[in-house]
Every structure is written in C-alpha cells, then in structure tokens.
>>> print(open('input_33.pdb').read())   # PDB, C-alpha atoms
ATOM      1  CA  MET A 657     -24.418 -13.248 -13.174
ATOM      2  CA  LYS A 658     -20.868 -13.414 -14.491
ATOM      3  CA  VAL A 659     -17.677 -12.394 -12.665
ATOM      4  CA  LEU A 660     -14.246 -11.929 -14.257
ATOM      5  CA  ALA A 661     -11.294 -12.695 -11.989
ATOM      6  CA  GLU A 662      -7.786 -11.749 -13.085
ATOM      7  CA  SER A 663      -6.247 -15.187 -12.438
ATOM      8  CA  ARG A 664      -7.072 -18.855 -12.072
ATOM      9  CA  GLY A 665      -6.167 -18.907  -8.379
ATOM     10  CA  LEU A 666      -8.365 -15.917  -7.555
ATOM     11  CA  ALA A 667     -11.204 -17.388  -9.598
ATOM     12  CA  GLN A 668     -11.027 -20.682  -7.698
ATOM     13  CA  ARG A 669     -11.094 -18.948  -4.324
ATOM     14  CA  LEU A 670     -14.076 -16.842  -5.333
ATOM     15  CA  LYS A 671     -15.952 -19.763  -6.891
ATOM     16  CA  SER A 672     -15.651 -21.841  -3.718
ATOM     17  CA  ARG A 673     -17.454 -19.091  -1.777
ATOM     18  CA  LEU A 674     -20.109 -18.029  -4.279
ATOM     19  CA  PRO A 675     -23.447 -19.681  -5.155
ATOM     20  CA  GLU A 676     -23.667 -21.882  -8.241
ATOM     21  CA  ASP A 677     -25.656 -19.327 -10.238
ATOM     22  CA  VAL A 678     -22.627 -16.989 -10.233
ATOM     23  CA  THR A 679     -20.246 -17.852 -13.085
ATOM     24  CA  VAL A 680     -16.580 -17.002 -12.537
ATOM     25  CA  VAL A 681     -14.299 -16.747 -15.577
ATOM     26  CA  TYR A 682     -10.600 -15.975 -15.833
ATOM     27  CA  PRO A 683      -7.882 -15.532 -18.484
ATOM     28  CA  GLU A 684      -5.691 -18.582 -19.051
ATOM     29  CA  LYS A 685      -2.513 -16.544 -19.575
ATOM     30  CA  GLY A 686      -3.494 -13.348 -17.791
ATOM     31  CA  SER A 687      -3.060 -11.096 -20.822
ATOM     32  CA  ASP A 688      -4.966  -7.868 -21.358
ATOM     33  CA  GLU A 689      -6.276  -9.216 -24.672
ATOM     34  CA  GLU A 690      -7.851 -12.178 -22.889
ATOM     35  CA  MET A 691      -9.269  -9.896 -20.203
ATOM     36  CA  LYS A 692     -10.708  -7.604 -22.870
ATOM     37  CA  ARG A 693     -12.445 -10.497 -24.632
ATOM     38  CA  LEU A 694     -13.862 -11.934 -21.413
ATOM     39  CA  ALA A 695     -15.020  -8.550 -20.077
ATOM     40  CA  VAL A 696     -17.739  -8.066 -22.706
ATOM     41  CA  ASP A 697     -20.625  -9.519 -20.694
ATOM     42  CA  VAL A 698     -19.476  -9.516 -17.064
ATOM     43  CA  SER A 699     -21.155  -7.671 -14.204
ATOM     44  CA  VAL A 700     -18.115  -7.695 -11.900
ATOM     45  CA  ILE A 701     -14.363  -7.591 -12.447
ATOM     46  CA  VAL A 702     -12.074  -8.542  -9.561
ATOM     47  CA  SER A 703      -8.473  -7.522 -10.154
ATOM     48  CA  THR A 704      -5.276  -6.019  -8.837
ATOM     49  CA  ARG A 705      -4.934  -3.657 -11.794
ATOM     50  CA  LEU A 706      -6.916  -3.184 -14.972
ATOM     51  CA  ALA A 707      -6.104  -1.874 -18.442
ATOM     52  CA  ALA A 708      -8.306   0.949 -19.737
ATOM     53  CA  ASP A 709      -9.197  -1.073 -22.870
ATOM     54  CA  VAL A 710     -10.587  -3.852 -20.691
ATOM     55  CA  ALA A 711     -12.751  -1.392 -18.771
ATOM     56  CA  ARG A 712     -14.071   0.173 -21.983
ATOM     57  CA  ASN A 713     -15.014  -3.265 -23.312
ATOM     58  CA  ALA A 714     -16.928  -4.149 -20.151
ATOM     59  CA  SER A 715     -20.190  -2.551 -21.285
ATOM     60  CA  LYS A 716     -22.288  -4.367 -18.641
ATOM     61  CA  LEU A 717     -19.917  -3.718 -15.728
ATOM     62  CA  LYS A 718     -21.573  -2.820 -12.442
ATOM     63  CA  LEU A 719     -18.606  -3.266 -10.107
ATOM     64  CA  LEU A 720     -14.832  -3.076 -10.338
ATOM     65  CA  GLN A 721     -13.543  -4.761  -7.188
ATOM     66  CA  LYS A 722      -9.896  -4.134  -6.278
ATOM     67  CA  THR A 723      -8.164  -7.048  -4.557
ATOM     68  CA  GLY A 724      -6.340  -4.716  -2.151
ATOM     69  CA  ALA A 725      -6.638  -1.196  -0.771
ATOM     70  CA  GLY A 726      -4.735   0.947  -3.273
ATOM     71  CA  VAL A 727      -6.687   1.801  -6.428
ATOM     72  CA  ASP A 728      -4.017   3.850  -8.207
ATOM     73  CA  GLU A 729      -3.854   1.298 -11.047
ATOM     74  CA  MET A 730      -7.562   1.428 -11.808
ATOM     75  CA  PRO A 731      -8.738   3.134 -15.046
ATOM     76  CA  PHE A 732     -11.282   5.514 -13.522
ATOM     77  CA  ASP A 733     -11.638   7.591 -16.691
ATOM     78  CA  ALA A 734     -12.508   4.517 -18.756
ATOM     79  CA  LEU A 735     -15.256   3.236 -16.466
ATOM     80  CA  ALA A 736     -18.958   3.772 -17.010
ATOM     81  CA  GLU A 737     -20.329   6.528 -14.817
ATOM     82  CA  ASP A 738     -22.672   4.184 -12.949
ATOM     83  CA  ALA A 739     -20.067   1.469 -12.249
ATOM     84  CA  TYR A 740     -18.992   1.146  -8.641
ATOM     85  CA  VAL A 741     -15.339   0.900  -7.617
ATOM     86  CA  THR A 742     -14.579  -0.821  -4.321
ATOM     87  CA  ASN A 743     -11.483  -2.015  -2.490
ATOM     88  CA  THR A 744     -10.646  -4.128   0.550
ATOM     89  CA  SER A 745      -9.429  -1.218   2.666
ATOM     90  CA  GLY A 746      -9.798  -1.894   6.377
ATOM     91  CA  SER A 747      -9.644  -5.666   5.992
ATOM     92  CA  ASN A 748      -5.956  -5.969   6.895
ATOM     93  CA  PRO A 749      -4.982  -3.000   9.089
ATOM     94  CA  VAL A 750      -3.407  -5.059  11.850
ATOM     95  CA  PRO A 751      -1.220  -7.329   9.663
ATOM     96  CA  LEU A 752       0.091  -4.366   7.692
ATOM     97  CA  ALA A 753       0.578  -2.258  10.815
ATOM     98  CA  GLU A 754       2.544  -5.114  12.400
ATOM     99  CA  GLY A 755       4.581  -5.372   9.209
ATOM    100  CA  ALA A 756       5.358  -1.650   9.273
ATOM    101  CA  VAL A 757       6.476  -1.838  12.891
ATOM    102  CA  ALA A 758       8.560  -4.935  12.137
ATOM    103  CA  LEU A 759      10.354  -3.014   9.397
ATOM    104  CA  LEU A 760      10.852  -0.023  11.681
ATOM    105  CA  LEU A 761      12.380  -2.252  14.337
ATOM    106  CA  ALA A 762      14.572  -4.064  11.826
ATOM    107  CA  ILE A 763      15.980  -0.873  10.318
ATOM    108  CA  SER A 764      16.413   0.942  13.631
ATOM    109  CA  LYS A 765      18.121  -1.996  15.338
ATOM    110  CA  ASN A 766      20.214  -2.987  12.288
ATOM    111  CA  VAL A 767      18.816  -6.519  12.436
ATOM    112  CA  VAL A 768      19.655  -7.408   8.833
ATOM    113  CA  GLN A 769      23.129  -5.871   9.030
ATOM    114  CA  ARG A 770      23.903  -7.731  12.255
ATOM    115  CA  ASN A 771      22.801 -10.978  10.635
ATOM    116  CA  ASN A 772      24.879 -10.369   7.522
ATOM    117  CA  LEU A 773      28.007  -9.532   9.505
ATOM    118  CA  PHE A 774      27.563 -12.209  12.177
ATOM    119  CA  MET A 775      30.158 -14.633  10.825
ATOM    120  CA  LYS A 776      32.579 -11.820  10.024
ATOM    121  CA  GLY A 777      33.082 -11.137  13.700
ATOM    122  CA  ARG A 778      31.557  -7.656  13.680
ATOM    123  CA  HIS A 779      30.338  -6.687  17.145
ATOM    124  CA  ASP A 780      30.414  -2.902  16.817
ATOM    125  CA  ILE A 781      27.016  -2.347  15.191
ATOM    126  CA  ARG A 782      24.580  -0.310  17.230
ATOM    127  CA  GLY A 783      20.901   0.393  16.930
ATOM    128  CA  VAL A 784      18.730   3.368  17.751
ATOM    129  CA  LEU A 785      16.675   3.660  20.949
ATOM    130  CA  LEU A 786      13.010   4.218  20.131
ATOM    131  CA  GLN A 787      11.935   5.424  23.553
ATOM    132  CA  GLY A 788      11.585   9.200  23.495
ATOM    133  CA  LYS A 789      11.955   9.467  19.726
ATOM    134  CA  THR A 790       9.332  11.003  17.416
ATOM    135  CA  ALA A 791       7.455   9.014  14.781
ATOM    136  CA  GLY A 792       5.442  10.681  12.033
ATOM    137  CA  VAL A 793       2.678   8.570  10.519
ATOM    138  CA  LEU A 794       1.602   9.869   7.108
ATOM    139  CA  GLY A 795      -1.909   8.591   6.564
ATOM    140  CA  MET A 796      -4.221   8.087   9.544
ATOM    141  CA  GLY A 797      -6.668   5.683   7.982
ATOM    142  CA  SER A 798      -7.224   2.223   9.448
ATOM    143  CA  ILE A 799      -3.587   1.189   8.888
ATOM    144  CA  GLY A 800      -2.044   4.402  10.190
ATOM    145  CA  VAL A 801      -4.223   4.261  13.300
ATOM    146  CA  GLU A 802      -2.993   0.745  14.087
ATOM    147  CA  VAL A 803       0.621   1.804  13.489
ATOM    148  CA  ALA A 804       0.190   4.767  15.849
ATOM    149  CA  LYS A 805      -1.251   2.532  18.574
ATOM    150  CA  ARG A 806       1.769   0.251  18.425
ATOM    151  CA  LEU A 807       4.356   3.010  18.349
ATOM    152  CA  LYS A 808       2.857   4.535  21.487
ATOM    153  CA  GLY A 809       3.782   1.262  23.186
ATOM    154  CA  PHE A 810       7.442   2.108  22.615
ATOM    155  CA  GLU A 811       6.937   5.404  24.495
ATOM    156  CA  MET A 812       7.473   7.386  21.341
ATOM    157  CA  LYS A 813       6.004  10.767  20.515
ATOM    158  CA  VAL A 814       3.570  10.137  17.652
ATOM    159  CA  LEU A 815       2.515  12.689  15.032
ATOM    160  CA  GLY A 816      -0.208  11.860  12.525
ATOM    161  CA  LEU A 817      -1.131  13.383   9.188
ATOM    162  CA  ARG A 818      -4.452  12.935   7.398
ATOM    163  CA  ARG A 819      -6.553  14.787   4.861
ATOM    164  CA  SER A 820      -8.041  17.020   7.574
ATOM    165  CA  ARG A 821      -7.226  17.668  11.208
ATOM    166  CA  ASP A 822      -9.090  15.524  13.729
ATOM    167  CA  GLU A 823      -8.703  16.457  17.381
ATOM    168  CA  GLY A 824     -11.202  13.798  18.394
ATOM    169  CA  LEU A 825      -9.108  11.033  16.825
ATOM    170  CA  ARG A 826      -5.966  12.455  18.396
ATOM    171  CA  LYS A 827      -7.525  12.272  21.863
ATOM    172  CA  GLU A 828      -8.973   8.812  21.217
ATOM    173  CA  LEU A 829      -5.557   7.441  20.268
ATOM    174  CA  GLY A 830      -3.681   9.405  22.905
ATOM    175  CA  ILE A 831      -1.105  10.602  20.387
ATOM    176  CA  ASP A 832       0.603  13.956  20.374
ATOM    177  CA  TRP A 833      -0.605  15.665  17.177
ATOM    178  CA  ILE A 834      -2.737  15.173  14.078
ATOM    179  CA  GLY A 835      -2.470  17.624  11.210
ATOM    180  CA  GLY A 836      -4.171  18.099   7.876
ATOM    181  CA  LYS A 837      -2.927  17.899   4.303
ATOM    182  CA  ASP A 838      -1.351  21.380   4.465
ATOM    183  CA  ASP A 839       0.692  20.520   7.552
ATOM    184  CA  LEU A 840       3.207  18.099   6.008
ATOM    185  CA  ALA A 841       6.252  20.215   6.909
ATOM    186  CA  TYR A 842       5.760  19.730  10.653
ATOM    187  CA  PRO A 843       6.039  15.897  10.834
ATOM    188  CA  LEU A 844       8.862  15.997   8.284
ATOM    189  CA  GLN A 845      10.878  18.397  10.442
ATOM    190  CA  GLU A 846      10.103  16.733  13.761
ATOM    191  CA  SER A 847      10.191  13.004  13.032
ATOM    192  CA  ASP A 848      13.061  10.638  13.707
ATOM    193  CA  PHE A 849      11.022   7.956  11.938
ATOM    194  CA  LEU A 850       8.578   8.592   9.101
ATOM    195  CA  VAL A 851       6.057   5.808   8.410
ATOM    196  CA  VAL A 852       4.153   6.154   5.117
ATOM    197  CA  THR A 853       0.697   4.541   4.960
ATOM    198  CA  ILE A 854      -1.100   7.198   2.895
ATOM    199  CA  PRO A 855      -2.956   6.114  -0.291
ATOM    200  CA  LEU A 856      -1.508   6.985  -3.684
ATOM    201  CA  THR A 857      -3.746   9.499  -5.450
ATOM    202  CA  PRO A 858      -3.087  12.249  -7.998
ATOM    203  CA  GLU A 859      -2.723  14.546  -4.984
ATOM    204  CA  THR A 860      -0.201  12.405  -3.071
ATOM    205  CA  ARG A 861       1.895  11.160  -6.005
ATOM    206  CA  GLY A 862       5.460  12.436  -5.521
ATOM    207  CA  MET A 863       4.482  14.440  -2.443
ATOM    208  CA  ILE A 864       7.871  13.761  -0.837
ATOM    209  CA  GLY A 865      10.717  14.939  -3.035
ATOM    210  CA  GLU A 866      14.020  16.733  -2.717
ATOM    211  CA  LYS A 867      12.561  19.759  -0.940
ATOM    212  CA  GLU A 868      10.622  17.653   1.559
ATOM    213  CA  ILE A 869      13.549  15.339   2.300
ATOM    214  CA  ALA A 870      15.719  18.415   2.924
ATOM    215  CA  LEU A 871      13.262  19.399   5.670
ATOM    216  CA  MET A 872      13.765  16.098   7.471
ATOM    217  CA  LYS A 873      16.159  15.631  10.357
ATOM    218  CA  ASP A 874      19.641  14.504   9.427
ATOM    219  CA  GLY A 875      19.795  10.823  10.287
ATOM    220  CA  ALA A 876      16.037  10.192  10.131
ATOM    221  CA  PHE A 877      14.543   6.893   8.929
ATOM    222  CA  ILE A 878      11.726   6.177   6.463
ATOM    223  CA  VAL A 879       9.421   3.149   6.395
ATOM    224  CA  ASN A 880       7.114   2.962   3.362
ATOM    225  CA  VAL A 881       4.342   0.340   3.236
ATOM    226  CA  ALA A 882       1.964   2.385   1.047
ATOM    227  CA  ARG A 883       3.113   3.007  -2.544
ATOM    228  CA  GLY A 884       6.560   3.754  -3.912
ATOM    229  CA  ALA A 885       5.421   6.700  -6.021
ATOM    230  CA  ILE A 886       4.444   8.747  -2.968
ATOM    231  CA  ILE A 887       8.181   9.363  -2.490
ATOM    232  CA  GLN A 888      10.262  10.428  -5.479
ATOM    233  CA  GLU A 889      12.834   7.696  -5.995
ATOM    234  CA  LYS A 890      15.895   9.717  -7.049
ATOM    235  CA  PRO A 891      15.910  12.151  -4.079
ATOM    236  CA  LEU A 892      15.276   9.250  -1.701
ATOM    237  CA  TYR A 893      18.104   7.168  -3.143
ATOM    238  CA  GLU A 894      20.525  10.105  -3.013
ATOM    239  CA  ALA A 895      19.564  10.956   0.584
ATOM    240  CA  LEU A 896      20.168   7.361   1.661
ATOM    241  CA  LYS A 897      23.434   7.056  -0.220
ATOM    242  CA  SER A 898      24.790  10.359   1.123
ATOM    243  CA  GLY A 899      23.820   9.641   4.717
ATOM    244  CA  LYS A 900      21.293  12.477   4.954
ATOM    245  CA  LEU A 901      18.877   9.703   5.961
ATOM    246  CA  SER A 902      20.147   6.923   8.204
ATOM    247  CA  GLY A 903      18.033   4.253   6.613
ATOM    248  CA  ALA A 904      14.849   3.116   4.934
ATOM    249  CA  ALA A 905      12.691   0.024   4.884
ATOM    250  CA  LEU A 906      10.786  -0.290   1.619
ATOM    251  CA  ASP A 907       7.943  -2.726   1.032
ATOM    252  CA  VAL A 908       6.774  -0.789  -2.035
ATOM    253  CA  TRP A 909       8.328  -0.056  -5.419
ATOM    254  CA  TRP A 910       8.090   2.363  -8.289
ATOM    255  CA  ASN A 911       7.646  -0.261 -11.004
ATOM    256  CA  ASP A 912       4.681  -2.227  -9.709
ATOM    257  CA  HIS A 913       4.386  -5.924 -10.582
ATOM    258  CA  TRP A 914       7.981  -5.852 -11.811
ATOM    259  CA  TRP A 915       8.360  -9.592 -11.134
ATOM    260  CA  ASP A 916       5.478 -10.594 -13.437
ATOM    261  CA  PRO A 917       6.359 -11.037 -17.143
ATOM    262  CA  VAL A 918       2.706 -10.600 -18.146
ATOM    263  CA  TRP A 919       2.418  -7.181 -16.502
ATOM    264  CA  ASN A 920       6.063  -6.190 -17.029
ATOM    265  CA  PRO A 921       7.108  -7.584 -20.419
ATOM    266  CA  SER A 922      10.061  -5.172 -20.652
ATOM    267  CA  GLY A 923      11.665  -6.789 -17.604
ATOM    268  CA  LYS A 924      12.236  -3.506 -15.782
ATOM    269  CA  GLY A 925      13.407  -3.886 -12.202
ATOM    270  CA  PRO A 926      11.580  -2.562  -9.146
ATOM    271  CA  SER A 927      13.326   0.813  -9.317
ATOM    272  CA  ASN A 928      15.607   2.831 -11.563
ATOM    273  CA  TYR A 929      17.999   3.107  -8.606
ATOM    274  CA  PRO A 930      19.651   0.111  -6.830
ATOM    275  CA  PHE A 931      18.281   0.609  -3.313
ATOM    276  CA  TRP A 932      18.993  -3.068  -2.568
ATOM    277  CA  GLU A 933      22.735  -2.412  -2.863
ATOM    278  CA  LEU A 934      22.718   0.168  -0.065
ATOM    279  CA  PRO A 935      23.685  -1.220   3.355
ATOM    280  CA  ASN A 936      21.179   1.018   5.146
ATOM    281  CA  VAL A 937      18.108  -0.154   3.233
ATOM    282  CA  ILE A 938      15.819  -3.139   3.828
ATOM    283  CA  CYS A 939      13.901  -4.246   0.735
ATOM    284  CA  THR A 940      10.811  -6.473   0.773
ATOM    285  CA  PRO A 941       8.607  -7.287  -2.264
ATOM    286  CA  HIS A 942       5.344  -5.584  -1.219
ATOM    287  CA  SER A 943       4.322  -8.600   0.845
ATOM    288  CA  ILE A 944       4.881  -7.522   4.450
ATOM    289  CA  VAL A 945       1.100  -7.652   4.958
ATOM    290  CA  SER A 946       0.956 -11.387   4.224
ATOM    291  CA  THR A 947       0.051 -13.466   7.263
ATOM    292  CA  ASP A 948      -1.920 -16.614   8.009
ATOM    293  CA  SER A 949      -5.135 -14.539   8.265
ATOM    294  CA  SER A 950      -4.750 -11.464   6.049
ATOM    295  CA  SER A 951      -6.042 -12.842   2.742
ATOM    296  CA  ASP A 952      -9.263 -14.325   4.161
ATOM    297  CA  ALA A 953     -10.460 -10.954   5.459
ATOM    298  CA  SER A 954     -10.041  -9.430   2.002
ATOM    299  CA  MET A 955     -11.829 -12.356   0.374
ATOM    300  CA  LYS A 956     -14.856 -11.870   2.643
ATOM    301  CA  ILE A 957     -15.230  -8.272   1.445
ATOM    302  CA  MET A 958     -14.894  -9.258  -2.212
ATOM    303  CA  VAL A 959     -17.469 -12.035  -1.916
ATOM    304  CA  GLU A 960     -19.897  -9.807  -0.029
ATOM    305  CA  ASN A 961     -19.678  -7.144  -2.716
ATOM    306  CA  ILE A 962     -20.291  -9.641  -5.519
ATOM    307  CA  LEU A 963     -23.386 -10.898  -3.688
ATOM    308  CA  ARG A 964     -24.575  -7.338  -3.103
ATOM    309  CA  ILE A 965     -24.351  -6.604  -6.829
ATOM    310  CA  LYS A 966     -26.195  -9.849  -7.546
ATOM    311  CA  ASN A 967     -28.973  -8.787  -5.164
ATOM    312  CA  GLY A 968     -29.187  -5.221  -6.450
ATOM    313  CA  GLU A 969     -27.651  -3.731  -3.307
ATOM    314  CA  THR A 970     -24.971  -1.085  -2.844
ATOM    315  CA  PRO A 971     -21.532  -2.621  -2.174
ATOM    316  CA  ILE A 972     -19.384  -1.789   0.827
ATOM    317  CA  ASN A 973     -15.909  -0.193   0.773
ATOM    318  CA  LEU A 974     -16.864   2.266  -1.947
ATOM    319  CA  VAL A 975     -14.019   4.257  -3.496
ATOM    320  CA  ASP A 976     -14.628   7.928  -4.261
ATOM    321  CA  LYS A 977     -14.090   8.052  -8.033
ATOM    322  CA  LYS A 978     -13.093  11.716  -7.902
ATOM    323  CA  LEU A 979     -10.721  11.553  -4.945
ATOM    324  CA  ARG A 980      -9.607   8.051  -6.027
ATOM    325  CA  TYR A 981      -9.379   6.463  -2.594
TER     326      TYR A 981
END
>>> encode(input="input_33.pdb", output="structure tokens")
Amino acid sequence: MKVLAESRGLAQRLKSRLPEDVTVVYPEKGSDEEMKRLAVDVSVIVSTRLAADVARNASKLKLLQKTGAGVDEMPFDALAEDAYVTNTSGSNPVPLAEGAVALLLAISKNVVQRNNLFMKGRHDIRGVLLQGKTAGVLGMGSIGVEVAKRLKGFEMKVLGLRRSRDEGLRKELGIDWIGGKDDLAYPLQESDFLVVTIPLTPETRGMIGEKEIALMKDGAFIVNVARGAIIQEKPLYEALKSGKLSGAALDVWWNDHWWDPVWNPSGKGPSNYPFWELPNVICTPHSIVSTDSSSDASMKIMVENILRIKNGETPINLVDKKLRY
C-alpha cells in the first residue's frame, strides 16, 4: 500500500511507525504539481490542506487523513464518493484548552503590555478580575469541554454553545448553560469573555460579524483558537480599534499558511488588517496547541487509520462529508 505525505518531515515520522510493506512518498518541494503526480496510485493522503486537482488525480484514494482537527481546507467536492475523510480531532483537547486559557489570562491581565512597558516605568496598568465574570465558549466539542472545565476553576459563570442543546452535558460539567446553534445571541450578550473553539464549516464561516459584535458587551474580550474566518476580520478589527471590545487574543488567521511561500506565493500577510499593531491584541501564529506531547497523540491516530485502511477496516475520527466536521 502507498501513502502520500505532504512533506518530508511528516513522511519520516509516519514511516518510522508503519510496517515495511507500507510505502510512504512525499513531494520534494511541496508543490501541488508534485502532489498531483504522486497521488495517482496512492491509497492514503496525509495532509494539512489539499488542492482539488490533487484529489481528482488520486483515483485509488481510500482515505484523506487531515493532520489536525479542522477540515475546512479539504476538497470535499473533488473526492470520490467512497473515500473516507478523517481528522485528529480529540487528540489534543487539553493542550489547546490550556493554550486558550493562557491567552485569556494574558489578555485579561495585560501580561504582554506589562512586559513591554516594564522598562518605561509604567506601573498603572491594571487587569480584569475573572472571578464572577461570564465566559461564553462557542463550540462544546472536546476542546470546548476542556476549556469550560478550566474556566469553572476561576469561579466564572460559563455558557456553552453547540450544534444542539445538551442538558446532560451541562449537568456533567457543572456549567451554567448550554444552548444550540440558534441561541448565539445569548452568549454574545452575556459574556465578558468569548472563547471560540467551534469548527469552521460553511455554516459557521463568518458567523460573527458586525451585527453580532454589536450585541456583545462593551469592553468584552475575544479569544479565538479555532479558525480566523469564523469571525469577520473587518468588524473585529474596527471593534478592537474603537474600544468597543477591550481586547482579543488571536491564534488563528484569515490567510492560512501565510508564512509558507509554497502555499502563499503572493506573500499575503495573515490578515488584511494590522491586528498586531493594536495594543489590546495578542497575536500568535496558530501554534498555541504545541506542547511536548501534543503531536504524538495526533500521530497515533494517523498511523492507526493508515493501518485500518491497509487491513480493510473502517478508520476512526470520521468526518461527516456533508456537515464537513
């Protein structure tokens, strides 16, 4: 069986964990043309994103394995009907939840600002007390659940939002409210802190725009560790610049893979608006999940799925190709 990995490094990590009768190939330069040529006879493709032309050329493809959780960059319409799509969702909920809470603490306590102004003699910077405040967690999957658990430890009121209401999960977590997809207005209006962990799908793309931000409390904070495109960038930038929102911590961007010349040959920056110039914004390069243990958990899922395909079994972590998560 042959597996196509998107890069040399990924191929080496997979090869060290797979049996010798599984061949792992990779593009030398990472270009779509190379991927397209190599995809002709592979059973599995393991990648972060995939061009539609590559998927169409993979006539023997049985599995498209995403290296992370979000599958918004996968060409669902170009895949064969019987090809599985899987991700590594659930492998890293704790590292990403810790990262989200770290960003929330940093932005609420002005950690970066205090550091930057330390040698300028500024002692008048204050933070925000979390105790008694309300946090809205958009997305109550494995990551959102772990975020909610940790925020309860700060004695915060926690509101959750998921595709459908779940009173059983609310009671299990001991949080204050869980609403469904039609209940977005409530956590927007009530939250002092909004933490975004929801997957990017056609349904959630741009779900928070000018109208939704207007519903939020004056002085609220946003932490986004999901995908940039869930929040419309212009209204967010304007709300942060005007002071409507007190701050934001962003680990996600609107131009994905902006640092990679292969995937971003035009050289576009992470956003069309300079969030990084605003004093009330913390910017990280979509890596807050990275820890000493996070990548190994994902690798175990990817290897297991390759072996399942090899053995004619159904893979785990299946993505719904209609709902696209």
>>> resolve_selection(input="input_33.pdb", expression="the PyMOL selection byres ((chain A and resi 814-823) around 8)", output="NGL selection string")
:A and (790-797 or 804 or 807-808 or 812-813 or 824-827 or 831-837 or 839-840 or 843 or 847)
>>> atom_distance(input="input_33.pdb", atom1="CA of Asp688 in chain A", atom2="CA of Pro917 in chain A")
12.5 Å
>>> resolve_selection(input="input_33.pdb", expression="the PyMOL selection byres ((chain A and resi 736) around 8)", output="count of residues only")
8
>>> resolve_selection(input="input_33.pdb", expression="the PyMOL selection byres ((chain A and resi 722-732) around 8)", output="NGL selection string")
:A and (702-708 or 711 or 720-721 or 733-735 or 741-746 or 855-857 or 954 or 958 or 977 or 980-981)
>>> residues_around(input="input_33.pdb", residues="range 661-674 of chain A", least_positions_apart="5", cutoff="7 Å", atoms="all atoms listed in the file", output="PyMOL selection string")
chain A and resi 680-683+686+701-703+959
>>> closest_residue(input="input_33.pdb", among="A:Ala876, A:Arg806, A:Asn766, A:Asp838", to="Lys789 in chain A", atoms="all atoms listed in the file")
A:Ala876
>>> residues_around(input="input_33.pdb", residues="Trp932 in chain A", least_positions_apart="5", cutoff="12 Å", atoms="all atoms listed in the file", output="PyMOL selection string")
chain A and resi 893+896-897+903-907+909+925-927+937-941
>>> atom_distance(input="input_33.pdb", atom1="CA of Ala714 in chain A", atom2="CA of Glu676 in chain A")
22.4 Å
>>> residues_around(input="input_33.pdb", residues="Tyr740 in chain A", least_positions_apart="6", cutoff="8 Å", atoms="all atoms listed in the file", output="JSON, numbers by chain")
{"A": [718, 719, 720, 971, 974, 975]}
>>> closest_residue(input="input_33.pdb", among="A:Leu760, A:Leu785, A:Ala841, A:Val767", to="Val803 in chain A", atoms="all atoms listed in the file")
A:Leu760
>>> residues_near_point(input="input_33.pdb", point="(-14.2, -10.3, -15.3)", cutoff="6 Å", atoms="all atoms listed in the file", output="PyMOL selection string")
chain A and resi 659-661+695+698+700-701
>>> atom_distance(input="input_33.pdb", atom1="CA of Asn961 in chain A", atom2="CA of Glu684 in chain A")
24.4 Å
>>> axis_aligned_box(input="input_33.pdb", around="range 829-839 of chain A", padding_each_side="3 Å", output="lines of an AutoDock Vina configuration file")
center_x = -2.4
center_y = 14.4
center_z = 13.6
size_x = 12.2
size_y = 19.9
size_z = 24.6
>>> closest_residue(input="input_33.pdb", among="A:Met775, A:Val945, A:Ile869, A:Ile887", to="Ala753 in chain A", atoms="all atoms listed in the file")
A:Val945
>>> build_atoms(input="input_33.pdb", residues="range 747-762 of chain A", atoms="N, CA and C atoms", output="short mmCIF file (atom, residue, chain, number, x, y, z; two decimals), in the coordinates of the input")
data_model
loop_
_atom_site.label_atom_id
_atom_site.label_comp_id
_atom_site.auth_asym_id
_atom_site.auth_seq_id
_atom_site.Cartn_x
_atom_site.Cartn_y
_atom_site.Cartn_z
N SER A 747 -9.59 -4.23 5.71
CA SER A 747 -9.64 -5.67 5.99
C SER A 747 -8.37 -6.16 6.66
N ASN A 748 -7.24 -5.49 6.40
CA ASN A 748 -5.96 -5.97 6.90
C ASN A 748 -5.16 -4.91 7.67
N PRO A 749 -5.79 -4.05 8.45
CA PRO A 749 -4.98 -3.00 9.09
C PRO A 749 -3.97 -3.53 10.08
N VAL A 750 -4.33 -4.55 10.83
CA VAL A 750 -3.41 -5.06 11.85
C VAL A 750 -2.21 -5.78 11.23
N PRO A 751 -2.40 -6.71 10.27
CA PRO A 751 -1.22 -7.33 9.66
C PRO A 751 -0.27 -6.33 9.02
N LEU A 752 -0.80 -5.33 8.33
CA LEU A 752 0.09 -4.37 7.69
C LEU A 752 0.74 -3.44 8.72
N ALA A 753 -0.01 -3.08 9.75
CA ALA A 753 0.58 -2.26 10.82
C ALA A 753 1.70 -3.01 11.52
N GLU A 754 1.48 -4.30 11.80
CA GLU A 754 2.54 -5.11 12.40
C GLU A 754 3.75 -5.20 11.48
N GLY A 755 3.49 -5.33 10.17
CA GLY A 755 4.58 -5.37 9.21
C GLY A 755 5.38 -4.08 9.20
N ALA A 756 4.67 -2.95 9.25
CA ALA A 756 5.36 -1.65 9.27
C ALA A 756 6.23 -1.51 10.51
N VAL A 757 5.70 -1.93 11.65
CA VAL A 757 6.48 -1.84 12.89
C VAL A 757 7.66 -2.81 12.86
N ALA A 758 7.45 -3.99 12.27
CA ALA A 758 8.56 -4.93 12.14
C ALA A 758 9.69 -4.33 11.31
N LEU A 759 9.34 -3.66 10.23
CA LEU A 759 10.35 -3.01 9.40
C LEU A 759 11.04 -1.88 10.14
N LEU A 760 10.26 -1.11 10.90
CA LEU A 760 10.85 -0.02 11.68
C LEU A 760 11.84 -0.56 12.70
N LEU A 761 11.47 -1.64 13.37
CA LEU A 761 12.38 -2.25 14.34
C LEU A 761 13.63 -2.80 13.66
N ALA A 762 13.43 -3.46 12.52
CA ALA A 762 14.57 -4.06 11.83
C ALA A 762 15.57 -3.01 11.37
#
